[in-house]
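With compact mmCIF, C-alpha atoms inside, this is my_file.txt:
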```
# COMPACT_ATOMS: atom_id res chain seq x y z
CA MET V 10 -63.18 31.51 -1.45
CA ASN V 11 -65.20 29.14 -3.61
CA VAL V 12 -68.39 30.78 -4.86
CA LEU V 13 -71.46 29.22 -6.48
CA VAL V 14 -73.87 31.39 -8.49
CA VAL V 15 -77.29 29.84 -9.16
CA GLY V 16 -78.96 30.66 -12.49
CA GLY V 17 -78.06 31.00 -16.15
CA GLY V 18 -79.22 34.34 -17.56
CA GLY V 19 -77.90 37.85 -18.11
CA ARG V 20 -78.36 38.76 -14.44
CA GLU V 21 -76.24 35.79 -13.38
CA HIS V 22 -73.54 36.64 -15.95
CA ALA V 23 -73.39 40.14 -14.42
CA LEU V 24 -73.12 38.65 -10.91
CA VAL V 25 -70.34 36.25 -11.96
CA TRP V 26 -68.52 39.10 -13.76
CA LYS V 27 -68.65 41.31 -10.66
CA ILE V 28 -67.72 38.49 -8.25
CA SER V 29 -64.70 37.61 -10.45
CA GLN V 30 -63.21 41.02 -9.56
CA THR V 31 -62.90 40.04 -5.88
CA LYS V 32 -59.28 39.11 -5.10
CA SER V 33 -60.18 36.57 -2.40
CA VAL V 34 -62.18 34.44 -4.88
CA LYS V 35 -60.42 31.21 -5.73
CA LYS V 36 -63.02 29.53 -7.95
CA ILE V 37 -66.47 30.48 -9.30
CA PHE V 38 -69.05 27.88 -10.30
CA CYS V 39 -72.36 28.67 -11.98
CA ALA V 40 -75.35 26.33 -12.27
CA PRO V 41 -76.45 25.98 -15.00
CA GLY V 42 -74.72 29.05 -16.52
CA ASN V 43 -74.46 29.84 -20.24
CA ALA V 44 -71.84 30.23 -22.99
CA GLY V 45 -70.68 33.65 -21.80
CA ILE V 46 -70.51 32.65 -18.14
CA SER V 47 -68.40 29.59 -19.09
CA GLU V 48 -65.57 31.98 -20.10
CA ILE V 49 -65.12 33.23 -16.50
CA ALA V 50 -66.61 30.44 -14.34
CA GLU V 51 -67.03 26.68 -14.39
CA THR V 52 -70.58 25.92 -15.50
CA ILE V 53 -72.36 23.01 -13.83
CA PRO V 54 -75.32 21.26 -15.55
CA ILE V 55 -77.72 21.56 -12.59
CA ARG V 56 -81.06 23.36 -12.96
CA ALA V 57 -81.65 26.35 -10.70
CA ASP V 58 -84.71 24.64 -9.15
CA ASP V 59 -82.95 21.31 -8.45
CA LEU V 60 -82.26 22.18 -4.81
CA SER V 61 -81.06 18.78 -3.61
CA SER V 62 -78.45 18.50 -6.42
CA LEU V 63 -77.29 22.08 -5.76
CA LEU V 64 -76.88 21.31 -2.04
CA LYS V 65 -74.94 18.10 -2.79
CA PHE V 66 -72.64 20.02 -5.15
CA ALA V 67 -72.08 22.84 -2.65
CA LEU V 68 -71.17 20.43 0.15
CA GLU V 69 -68.89 18.26 -2.01
CA ASN V 70 -67.06 21.28 -3.51
CA LYS V 71 -66.67 23.17 -0.22
CA ILE V 72 -68.58 26.22 -1.44
CA ASP V 73 -67.95 29.18 0.90
CA LEU V 74 -70.73 31.36 -0.49
CA THR V 75 -73.73 30.75 -2.75
CA VAL V 76 -75.41 33.66 -4.56
CA VAL V 77 -78.92 33.03 -5.93
CA GLY V 78 -80.00 34.83 -9.10
CA PRO V 79 -83.59 33.77 -9.98
CA GLU V 80 -86.72 33.86 -7.83
CA LEU V 81 -87.83 30.21 -8.18
CA PRO V 82 -85.13 28.57 -6.00
CA LEU V 83 -85.67 31.29 -3.38
CA ALA V 84 -89.44 30.69 -3.39
CA LEU V 85 -88.76 26.94 -3.05
CA GLY V 86 -86.60 27.50 0.05
CA ILE V 87 -83.00 27.11 -1.13
CA VAL V 88 -81.77 29.53 1.57
CA ASP V 89 -83.44 27.56 4.40
CA LEU V 90 -82.01 24.30 2.99
CA PHE V 91 -78.45 25.59 2.62
CA GLU V 92 -78.41 27.36 6.00
CA SER V 93 -79.70 24.24 7.77
CA ASN V 94 -76.66 22.45 6.30
CA GLY V 95 -74.23 25.11 7.57
CA LEU V 96 -73.71 26.88 4.25
CA LYS V 97 -73.56 30.65 3.66
CA ILE V 98 -76.02 31.83 1.02
CA PHE V 99 -77.11 35.27 -0.20
CA GLY V 100 -80.88 35.61 -0.53
CA PRO V 101 -84.06 35.67 1.55
CA SER V 102 -85.69 32.70 3.26
CA LYS V 103 -88.76 30.99 1.77
CA LEU V 104 -91.07 32.97 4.08
CA SER V 105 -89.39 36.28 3.20
CA ALA V 106 -89.44 35.45 -0.53
CA GLU V 107 -93.23 35.39 -0.36
CA ILE V 108 -93.01 39.15 -0.96
CA GLU V 109 -92.53 38.09 -4.61
CA SER V 110 -93.92 34.55 -4.78
CA SER V 111 -97.40 35.70 -3.67
CA LYS V 112 -98.78 38.96 -5.05
CA VAL V 113 -101.80 38.59 -2.74
CA PHE V 114 -99.49 38.40 0.28
CA ALA V 115 -97.47 41.40 -0.96
CA LYS V 116 -100.52 43.60 -1.53
CA ASN V 117 -102.11 42.73 1.83
CA PHE V 118 -98.72 43.31 3.51
CA MET V 119 -98.47 46.78 1.95
CA ARG V 120 -101.99 47.66 3.06
CA LYS V 121 -101.23 46.47 6.62
CA TYR V 122 -98.04 48.57 6.91
CA ASN V 123 -99.30 51.63 4.98
CA ILE V 124 -96.81 51.21 2.15
CA PRO V 125 -98.04 53.25 -0.86
CA THR V 126 -99.39 51.09 -3.69
CA ALA V 127 -102.32 50.93 -6.12
CA ASN V 128 -105.88 50.47 -4.83
CA TYR V 129 -106.78 46.78 -5.23
CA ASN V 130 -108.78 43.73 -4.24
CA THR V 131 -107.94 40.02 -4.27
CA PHE V 132 -110.04 37.07 -5.39
CA THR V 133 -109.86 33.27 -5.50
CA SER V 134 -111.06 31.14 -8.42
CA ASP V 135 -114.41 30.43 -6.69
CA GLU V 136 -115.06 34.20 -6.51
CA ILE V 137 -115.13 34.72 -10.28
CA ASN V 138 -118.43 36.65 -10.25
CA GLU V 139 -117.29 38.97 -7.44
CA ALA V 140 -114.05 39.58 -9.37
CA LYS V 141 -115.99 40.54 -12.50
CA LYS V 142 -118.17 42.92 -10.48
CA PHE V 143 -115.14 44.58 -8.88
CA VAL V 144 -113.60 45.62 -12.22
CA PHE V 145 -116.57 47.95 -12.76
CA SER V 146 -115.59 49.91 -9.63
CA LEU V 147 -112.30 50.86 -11.33
CA THR V 148 -111.60 53.06 -14.36
CA PRO V 149 -109.81 51.36 -17.30
CA PRO V 150 -107.06 50.54 -17.89
CA ILE V 151 -107.29 47.87 -15.20
CA VAL V 152 -104.39 45.69 -14.03
CA ILE V 153 -104.89 41.96 -13.32
CA LYS V 154 -102.10 39.90 -11.75
CA ALA V 155 -101.69 36.19 -11.09
CA ASP V 156 -100.84 35.57 -7.44
CA GLY V 157 -97.96 33.13 -7.99
CA LEU V 158 -94.77 33.06 -10.04
CA ALA V 159 -95.53 33.11 -13.77
CA GLY V 160 -92.11 33.74 -15.31
CA GLY V 161 -92.67 37.49 -15.52
CA LYS V 162 -95.80 37.02 -17.63
CA GLY V 163 -98.55 37.01 -14.98
CA VAL V 164 -99.58 40.67 -15.36
CA THR V 165 -102.23 41.86 -17.83
CA ILE V 166 -103.13 45.49 -18.49
CA CYS V 167 -106.76 45.55 -19.64
CA GLU V 168 -107.79 48.59 -21.72
CA SER V 169 -111.55 48.03 -21.26
CA TYR V 170 -114.10 46.37 -18.95
CA ASP V 171 -114.61 43.75 -21.65
CA ASP V 172 -110.90 42.92 -21.68
CA ALA V 173 -110.86 42.69 -17.89
CA VAL V 174 -113.78 40.24 -17.78
CA LYS V 175 -112.18 38.07 -20.50
CA THR V 176 -108.83 38.12 -18.65
CA ILE V 177 -110.48 36.95 -15.41
CA GLU V 178 -111.95 34.02 -17.37
CA LEU V 179 -108.54 33.20 -18.88
CA TYR V 180 -106.97 33.11 -15.41
CA PHE V 181 -109.76 31.30 -13.57
CA SER V 182 -111.69 29.20 -16.11
CA GLN V 183 -108.98 28.43 -18.68
CA LYS V 184 -106.20 28.36 -16.05
CA ILE V 185 -103.58 29.88 -18.40
CA PHE V 186 -101.17 30.25 -15.46
CA GLY V 187 -102.13 26.98 -13.75
CA SER V 188 -101.90 27.08 -9.95
CA ALA V 189 -100.14 30.50 -10.10
CA GLY V 190 -103.45 31.99 -11.25
CA GLU V 191 -105.77 30.36 -8.68
CA LYS V 192 -105.77 33.69 -6.83
CA ILE V 193 -105.58 37.09 -8.52
CA VAL V 194 -105.06 40.74 -7.69
CA ILE V 195 -107.19 43.30 -9.52
CA GLU V 196 -105.88 46.85 -9.14
CA GLU V 197 -106.04 50.36 -10.48
CA PHE V 198 -103.60 51.41 -13.19
CA LEU V 199 -100.97 53.80 -11.86
CA LYS V 200 -99.86 56.68 -14.07
CA GLY V 201 -96.31 57.97 -13.93
CA GLU V 202 -92.76 56.84 -14.65
CA GLU V 203 -91.32 53.49 -13.56
CA ALA V 204 -88.09 53.00 -11.63
CA SER V 205 -86.25 50.08 -10.04
CA ILE V 206 -84.47 50.33 -6.69
CA PHE V 207 -82.35 47.51 -5.22
CA ALA V 208 -81.90 47.52 -1.45
CA ILE V 209 -79.23 45.23 0.02
CA THR V 210 -80.29 44.41 3.56
CA ASP V 211 -79.27 42.33 6.57
CA GLY V 212 -82.84 42.47 7.88
CA ASP V 213 -82.14 45.46 10.16
CA ASP V 214 -80.35 48.04 8.02
CA PHE V 215 -79.96 48.52 4.28
CA ILE V 216 -78.12 50.34 1.52
CA THR V 217 -79.56 51.25 -1.88
CA LEU V 218 -77.79 50.69 -5.20
CA PRO V 219 -77.92 53.20 -8.10
CA PRO V 220 -81.58 53.66 -9.19
CA ALA V 221 -82.31 52.15 -12.60
CA GLN V 222 -85.06 52.19 -15.18
CA ASP V 223 -85.90 49.26 -17.43
CA TYR V 224 -87.95 48.92 -20.60
CA LYS V 225 -90.59 46.19 -20.39
CA ARG V 226 -92.41 46.62 -23.73
CA VAL V 227 -90.96 44.83 -26.76
CA PHE V 228 -91.04 47.77 -29.20
CA ASP V 229 -89.82 51.39 -29.21
CA ASP V 230 -91.88 54.07 -27.45
CA ASP V 231 -93.18 51.44 -24.98
CA LYS V 232 -95.37 49.70 -27.55
CA GLY V 233 -96.19 46.00 -27.91
CA LYS V 234 -96.28 43.17 -25.40
CA ASN V 235 -94.60 43.05 -22.01
CA THR V 236 -91.29 41.16 -21.91
CA GLY V 237 -88.75 40.24 -19.26
CA GLY V 238 -87.06 43.56 -20.13
CA MET V 239 -85.59 44.87 -23.39
CA GLY V 240 -82.99 47.18 -21.86
CA SER V 241 -82.11 49.38 -18.91
CA TYR V 242 -79.97 52.27 -17.77
CA ALA V 243 -78.62 53.69 -14.50
CA PRO V 244 -78.55 55.92 -12.59
CA THR V 245 -81.93 57.32 -13.62
CA PRO V 246 -82.20 61.12 -13.20
CA LEU V 247 -85.88 60.49 -12.38
CA ILE V 248 -84.80 59.61 -8.82
CA ASP V 249 -83.08 62.60 -7.24
CA GLN V 250 -81.83 62.62 -3.64
CA SER V 251 -85.11 63.87 -2.15
CA MET V 252 -87.15 61.23 -4.02
CA LEU V 253 -84.68 58.55 -2.91
CA GLU V 254 -85.14 59.63 0.72
CA ARG V 255 -88.93 59.32 0.31
CA ILE V 256 -88.52 55.83 -1.17
CA LYS V 257 -86.27 54.78 1.72
CA ASN V 258 -88.58 56.18 4.42
CA GLU V 259 -92.00 55.43 2.93
CA ILE V 260 -91.28 52.08 1.24
CA ILE V 261 -88.01 50.26 2.01
CA LYS V 262 -87.75 50.91 5.78
CA PRO V 263 -91.37 49.96 6.64
CA THR V 264 -91.11 46.87 4.40
CA ILE V 265 -87.97 45.56 6.12
CA GLU V 266 -89.35 46.40 9.58
CA GLY V 267 -92.75 44.88 8.78
CA LEU V 268 -91.22 41.63 7.54
CA LYS V 269 -88.99 41.43 10.62
CA SER V 270 -91.99 41.94 12.94
CA GLU V 271 -93.71 38.96 11.26
CA ASN V 272 -90.72 36.63 11.77
CA ARG V 273 -89.73 36.99 8.13
CA LYS V 274 -86.40 38.77 8.67
CA TYR V 275 -85.32 39.66 5.15
CA LYS V 276 -81.67 39.19 4.15
CA GLY V 277 -80.53 39.70 0.58
CA CYS V 278 -81.58 41.96 -2.27
CA LEU V 279 -85.05 43.52 -2.09
CA TYR V 280 -86.10 44.78 -5.51
CA CYS V 281 -88.65 47.60 -5.43
CA GLY V 282 -90.47 48.08 -8.73
CA LEU V 283 -91.92 51.58 -8.39
CA MET V 284 -94.20 54.01 -10.18
CA ILE V 285 -93.27 57.63 -9.54
CA THR V 286 -96.72 59.28 -9.58
CA ASP V 287 -97.86 62.87 -9.00
CA GLU V 288 -98.59 61.79 -5.40
CA GLY V 289 -95.12 60.31 -4.92
CA PRO V 290 -93.55 56.82 -5.18
CA LYS V 291 -95.88 53.78 -5.16
CA VAL V 292 -94.99 50.09 -5.28
CA LEU V 293 -95.89 48.16 -8.43
CA GLU V 294 -94.23 44.99 -7.17
CA PHE V 295 -91.54 43.63 -4.91
CA ASN V 296 -89.05 41.01 -6.09
CA CYS V 297 -86.91 38.89 -3.78
CA ARG V 298 -83.75 39.15 -5.93
CA PHE V 299 -81.84 41.30 -8.40
CA GLY V 300 -83.76 42.43 -11.50
CA ASP V 301 -82.91 41.51 -15.07
CA PRO V 302 -81.69 43.55 -17.04
CA GLU V 303 -81.19 46.23 -14.34
CA THR V 304 -78.39 44.20 -12.70
CA GLN V 305 -76.41 44.56 -15.94
CA VAL V 306 -76.28 48.37 -15.48
CA VAL V 307 -76.23 48.64 -11.68
CA LEU V 308 -73.32 46.29 -10.84
CA PRO V 309 -70.80 47.99 -13.18
CA LEU V 310 -71.39 51.26 -11.26
CA ILE V 311 -70.52 49.79 -7.84
CA GLU V 312 -67.03 50.53 -6.51
CA THR V 313 -67.40 48.38 -3.38
CA ASP V 314 -66.32 44.72 -3.27
CA ILE V 315 -69.56 42.88 -4.04
CA LEU V 316 -68.75 39.86 -1.85
CA GLU V 317 -68.12 42.15 1.12
CA MET V 318 -71.59 43.54 0.51
CA PHE V 319 -73.19 40.09 0.28
CA LEU V 320 -71.42 38.84 3.42
CA SER V 321 -72.50 41.99 5.33
CA ALA V 322 -76.10 41.17 4.42
CA ILE V 323 -75.74 37.55 5.53
CA GLU V 324 -73.78 38.17 8.74
CA GLY V 325 -75.24 41.55 9.76
CA GLY V 326 -73.52 44.90 10.01
CA ILE V 327 -74.40 46.32 6.58
CA LYS V 328 -74.50 49.78 8.20
CA ASN V 329 -70.72 49.51 8.74
CA LEU V 330 -70.00 48.67 5.08
CA LYS V 331 -67.77 51.20 3.29
CA TYR V 332 -69.93 51.65 0.24
CA SER V 333 -69.22 53.79 -2.82
CA ILE V 334 -70.41 54.07 -6.42
CA LYS V 335 -68.71 55.35 -9.56
CA ASP V 336 -69.74 58.70 -11.03
CA LEU V 337 -70.59 57.08 -14.37
CA THR V 338 -73.60 56.05 -16.48
CA ALA V 339 -74.50 52.61 -17.83
CA VAL V 340 -76.88 51.59 -20.64
CA CYS V 341 -77.84 47.99 -21.56
CA VAL V 342 -79.58 46.98 -24.81
CA ILE V 343 -81.09 43.49 -25.03
CA LEU V 344 -80.75 41.58 -28.32
CA ALA V 345 -83.68 39.19 -28.66
CA SER V 346 -84.68 36.25 -30.85
CA ALA V 347 -87.25 36.66 -33.63
CA GLY V 348 -90.76 36.23 -32.20
CA TYR V 349 -89.82 37.05 -28.59
CA PRO V 350 -91.75 37.46 -26.22
CA ASP V 351 -93.94 34.88 -27.99
CA LYS V 352 -92.68 31.67 -29.62
CA TYR V 353 -89.11 31.97 -30.87
CA GLU V 354 -86.48 29.80 -32.55
CA THR V 355 -83.08 28.97 -31.06
CA GLY V 356 -79.82 27.56 -32.43
CA LYS V 357 -78.90 30.60 -34.57
CA GLU V 358 -75.18 31.37 -34.82
CA ILE V 359 -74.11 34.67 -33.24
CA LYS V 360 -71.42 36.61 -35.11
CA GLY V 361 -69.38 39.65 -34.12
CA LEU V 362 -68.68 38.82 -30.46
CA ASP V 363 -64.89 38.84 -30.98
CA GLU V 364 -65.13 42.41 -32.29
CA LEU V 365 -66.84 43.51 -29.07
CA LYS V 366 -63.98 42.17 -26.95
CA LYS V 367 -61.73 44.83 -28.51
CA LEU V 368 -63.94 47.69 -27.30
CA SER V 369 -63.19 49.39 -23.99
CA ASP V 370 -66.16 50.30 -21.77
CA ILE V 371 -68.37 47.66 -23.45
CA ILE V 372 -69.41 44.56 -21.51
CA VAL V 373 -71.32 41.70 -23.17
CA PHE V 374 -73.62 39.79 -20.82
CA HIS V 375 -74.96 36.51 -22.22
CA ALA V 376 -78.59 35.69 -21.40
CA GLY V 377 -79.73 32.84 -23.68
CA THR V 378 -76.66 31.32 -25.35
CA LYS V 379 -74.92 27.98 -25.68
CA LYS V 380 -71.60 26.82 -27.14
CA VAL V 381 -71.67 24.06 -29.78
CA ASN V 382 -68.55 23.08 -31.78
CA ASN V 383 -66.80 26.31 -30.77
CA LYS V 384 -69.69 28.39 -32.09
CA ILE V 385 -71.92 30.57 -29.88
CA LEU V 386 -75.60 29.90 -30.65
CA THR V 387 -78.85 31.50 -29.48
CA ASP V 388 -80.59 29.53 -26.73
CA GLY V 389 -83.36 31.78 -25.40
CA GLY V 390 -85.74 34.65 -26.05
CA ARG V 391 -83.40 37.26 -24.66
CA VAL V 392 -79.99 36.39 -26.07
CA LEU V 393 -77.45 39.08 -25.17
CA GLY V 394 -77.27 42.25 -23.10
CA ILE V 395 -74.79 44.75 -24.51
CA THR V 396 -73.78 47.21 -21.76
CA ALA V 397 -71.82 50.43 -22.25
CA ILE V 398 -70.23 52.44 -19.43
CA GLY V 399 -69.42 56.13 -19.82
CA LYS V 400 -69.39 59.56 -18.24
CA GLU V 401 -72.38 61.22 -19.96
CA PHE V 402 -75.57 59.45 -21.08
CA GLU V 403 -75.38 60.87 -24.61
CA THR V 404 -71.98 59.25 -25.28
CA THR V 405 -72.87 56.03 -23.45
CA ILE V 406 -76.03 55.59 -25.57
CA LYS V 407 -74.09 56.27 -28.78
CA ASN V 408 -71.40 53.74 -27.76
CA VAL V 409 -73.86 50.98 -26.83
CA TYR V 410 -75.65 51.20 -30.19
CA GLY V 411 -72.31 51.30 -32.00
CA ALA V 412 -71.47 48.01 -30.30
CA VAL V 413 -74.92 46.52 -31.06
CA GLU V 414 -74.35 47.09 -34.79
CA LEU V 415 -71.36 44.74 -34.70
CA VAL V 416 -73.48 41.76 -33.59
CA LYS V 417 -75.53 39.65 -36.01
CA PHE V 418 -77.77 36.60 -35.72
CA GLU V 419 -80.77 35.55 -37.77
CA GLY V 420 -83.97 37.29 -36.64
CA MET V 421 -82.21 39.54 -34.09
CA HIS V 422 -84.33 42.45 -32.86
CA TYR V 423 -83.87 45.15 -30.24
CA ARG V 424 -85.24 48.49 -29.12
CA LYS V 425 -83.54 51.59 -30.49
CA ASP V 426 -84.64 54.01 -27.75
CA ILE V 427 -82.96 52.63 -24.63
CA GLY V 428 -81.67 55.48 -22.47
CA LYS V 429 -83.64 58.16 -24.28
CA LYS V 430 -85.77 58.76 -21.16
CA ALA V 431 -82.63 59.73 -19.23
CA LEU V 432 -81.89 62.46 -21.79
CA ASN V 433 -85.49 63.71 -21.54
CA TYR V 434 -85.40 63.87 -17.73
CA LEU V 435 -82.09 65.75 -17.79
CA LYS V 436 -83.35 68.16 -20.45
CA ASN V 437 -86.57 68.88 -18.52
CA LYS V 438 -84.64 69.42 -15.28
CA THR V 439 -82.51 72.15 -16.85
CA ILE V 440 -85.47 74.09 -18.35
```
Before anything else, please render the file you have as structure tokens.
Amino acid sequence: MNVLVVGGGGREHALVWKISQTKSVKKIFCAPGNAGISEIAETIPIRADDLSSLLKFALENKIDLTVVGPELPLALGIVDLFESNGLKIFGPSKLSAEIESSKVFAKNFMRKYNIPTANYNTFTSDEINEAKKFVFSLTPPIVIKADGLAGGKGVTICESYDDAVKTIELYFSQKIFGSAGEKIVIEEFLKGEEASIFAITDGDDFITLPPAQDYKRVFDDDKGKNTGGMGSYAPTPLIDQSMLERIKNEIIKPTIEGLKSENRKYKGCLYCGLMITDEGPKVLEFNCRFGDPETQVVLPLIETDILEMFLSAIEGGIKNLKYSIKDLTAVCVILASAGYPDKYETGKEIKGLDELKKLSDIIVFHAGTKKVNNKILTDGGRVLGITAIGKEFETTIKNVYGAVELVKFEGMHYRKDIGKKALNYLKNKTI
């Protein structure tokens, strides 16, 4: 089989790494890829949102299966385009992807199908006064979200009414998110613990992958600005079997059935970003693809052939898939550029990567890197994801930070508390 992976971050490196373990794979291409991906796949200089060039490449190179990493090509309709040209592709259609590409659609969908989520209201840019009035019906903190795709940055948590009013003006009057912010969702702040669940579905049935937890804030103890994710671990002890059953029955099943009933049959990976509250699981957001950096800890725990899983989702029959996971733990620490998530510099040489290759149970996933004159340089805000695999969380955490200490680049920063929540959950469960 010839496989094409679309995207060039840490999530895509994890996908390529996992796909490379399938014996039937003849050649893997990745567009555009990165320095780490280029070691196990042929990287192609085509942007993830350049759909016509991707289609041309797939047809000319007889690609048997395309796997889409990021949300933008899915929201633009890459699946519809490839399928109409007779190509197999893993991911939801443009209509189905609206579960992520429009937060207004997603919230209204959840209300319609009684899927638990935060109390909310939606507003357009010509309803600025009504939006400002609505915030006073909620108790701070108040959450304001841009409707469209904003590169993971379209969510603001406002600590006061004043902040909320100013944020509405930034979205509507100053248009900080352009057309993505022409509609907004204003919702109550949910208290609890976050978790990420990936469901692989053929539109009728589904399986769930090991539950993960990621760390969105840039600094330790969940302080500082929101980022794309500074680390993750799996499986999270927060989600026991009974909670997982609730999530399946109250959230995933009605979502898949609701989408199907609206002629949006969902095939691919449905990412459920959840808050586990005192009242039970509630949806923070849906994504139409694998999460980043959760993919970097979830895929190493899967025993099953990943391409078999993807093909079952595309062709139907996922309920017949022989699916198993390893009884292990995984922890990923993201190494970021100085200044991230704000303005950051690139082009810094990364040292120590050869040392990591000697370590067993350590996988290095490249996120923002490039190769110049045989040197690996930084080329993004999130640069590397160092993942450790082990039996117990305590050892896995120790091993991942031991590996992190071997890597150096100018301005490198990372969180030092990734995985600590797992230890706390386990400790509290045994009391």
Quiz prompt | Radius query 7 Å about (-88.7, 33.8, -4.0), atoms used: all atoms listed in the file, as a count of residues only | solution = 12
Quiz item: For V:Tyr353, which residue out of V:Glu51, V:Asp156, V:Asp388, V:Asp135 is the nearest one, using only C-alpha atoms?
Solution: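 Closest to V:Tyr353 of all the choices is V:Asp388.
Comparing V:His375, V:Phe228, V:Gly277, V:Glu354 by their smallest distance to V:Asp426, the closest is V:Phe228 (using all atoms listed in the file).
Note that the spacing between atom CA of V:Leu247 and atom CA of V:Thr210 amounts to 23.3 Å.
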Self-check item: V:Glu403 surroundings by all atoms listed in the file, 10 Å radius, close-in-sequence under 3 positions cut, as a PyMOL selection string
Solution: chain V and resi 338+399-400+406-408+428-429+431-432
Quiz item: Nearest to V:Glu358 among V:Gly411, V:Gly86, V:Pro219, V:Gly420, with distances taken over only C-alpha atoms: which residue is it?
Solution: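 Using only C-alpha atoms, V:Glu358 sits closest to V:Gly420.
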Self-check item: Selection near stretch 251-258 of chain V, 10 Å with all atoms listed in the file, sequence-local residues under 6 positions removed, as a PyMOL selection string
Solution: chain V and resi 124-125+206+208+215-217+220+264+281+283+285+289-292
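Distance-wise, atom CA of V:Cys341 and atom CA of V:Thr396 end up 4.1 Å apart.
Between atom CA of V:Gly282 and atom CA of V:Leu435 there is a distance of 21.6 Å.
The residue that comes closest to V:Ile166, out of V:Asn235, V:Ser205, V:Ser333, V:Thr313 and on the basis of only C-alpha atoms, is V:Asn235.
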Quiz item: Taking all atoms listed in the file into account, which of V:Tyr180, V:Phe145, V:Phe198, V:Phe418 comes nearest V:Met284?
Solution: V:Phe198
Exercise. Compile the contact shell of V:Lys154 as number ranges by chain: residues with an atom at most 8 Å away, counting only C-alpha atoms, same-chain residues fewer than 3 positions apart removed.
Key: V: 112, 163-165, 193-195
Practice problem: Might you pull out every residue within 12 Å of V:Lys379, with only C-alpha atoms counted and same-chain residues fewer than 4 positions away left off, and present them as a list of chain:residue names? | Solution: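 After dropping sequence-adjacent residues, the list is V:Gly17, V:Gly18, V:Pro41, V:Gly42, V:Asn43, V:Ala44, V:Gly45, V:Ile46, V:Ser47, V:Glu48, V:Thr52, V:Thr355, V:Gly356, V:Lys357, V:Glu358, V:Ile359, V:His375, V:Asn383, V:Lys384, V:Ile385, V:Leu386, V:Thr387, V:Asp388, V:Gly389, V:Val392, V:Leu393.
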Self-check item: Among listed residues V:Gln305, V:Ser62, V:Asn11, V:Ser93, nearest V:Trp26 (using all atoms listed in the file)
Solution: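 For V:Trp26, the nearest of the given residues is V:Gln305.
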Edge lengths and centre in Å to one decimal, as JSON, of the axis-aligned box that encloses all listed atoms of stretch 68-71 of chain V with 6 Å added on every side?
```
{"center_x": -68.9, "center_y": 20.7, "center_z": -1.7, "size_x": 16.5, "size_y": 16.9, "size_z": 15.7}
```
Exercise. List every protein, DNA or RNA residue with an atom no more than 6 Å from (-70.9, 28.3, -10.6) in the file's coordinates, counting only C-alpha atoms, and format the result as a ChimeraX atom specification.
Key: /V:13-14,37-40,51-52
Quiz item: What's the 12 Å shell around V:Ser188, counting only C-alpha atoms, without same-chain residues fewer than 5 positions away, as a list of chain:residue names?
Solution: V:Ser111, V:Thr133, V:Ser134, V:Ala155, V:Asp156, V:Gly157, V:Leu158, V:Ala159, V:Gly163, V:Tyr180, V:Phe181, V:Ser182, V:Gln183, V:Ile193
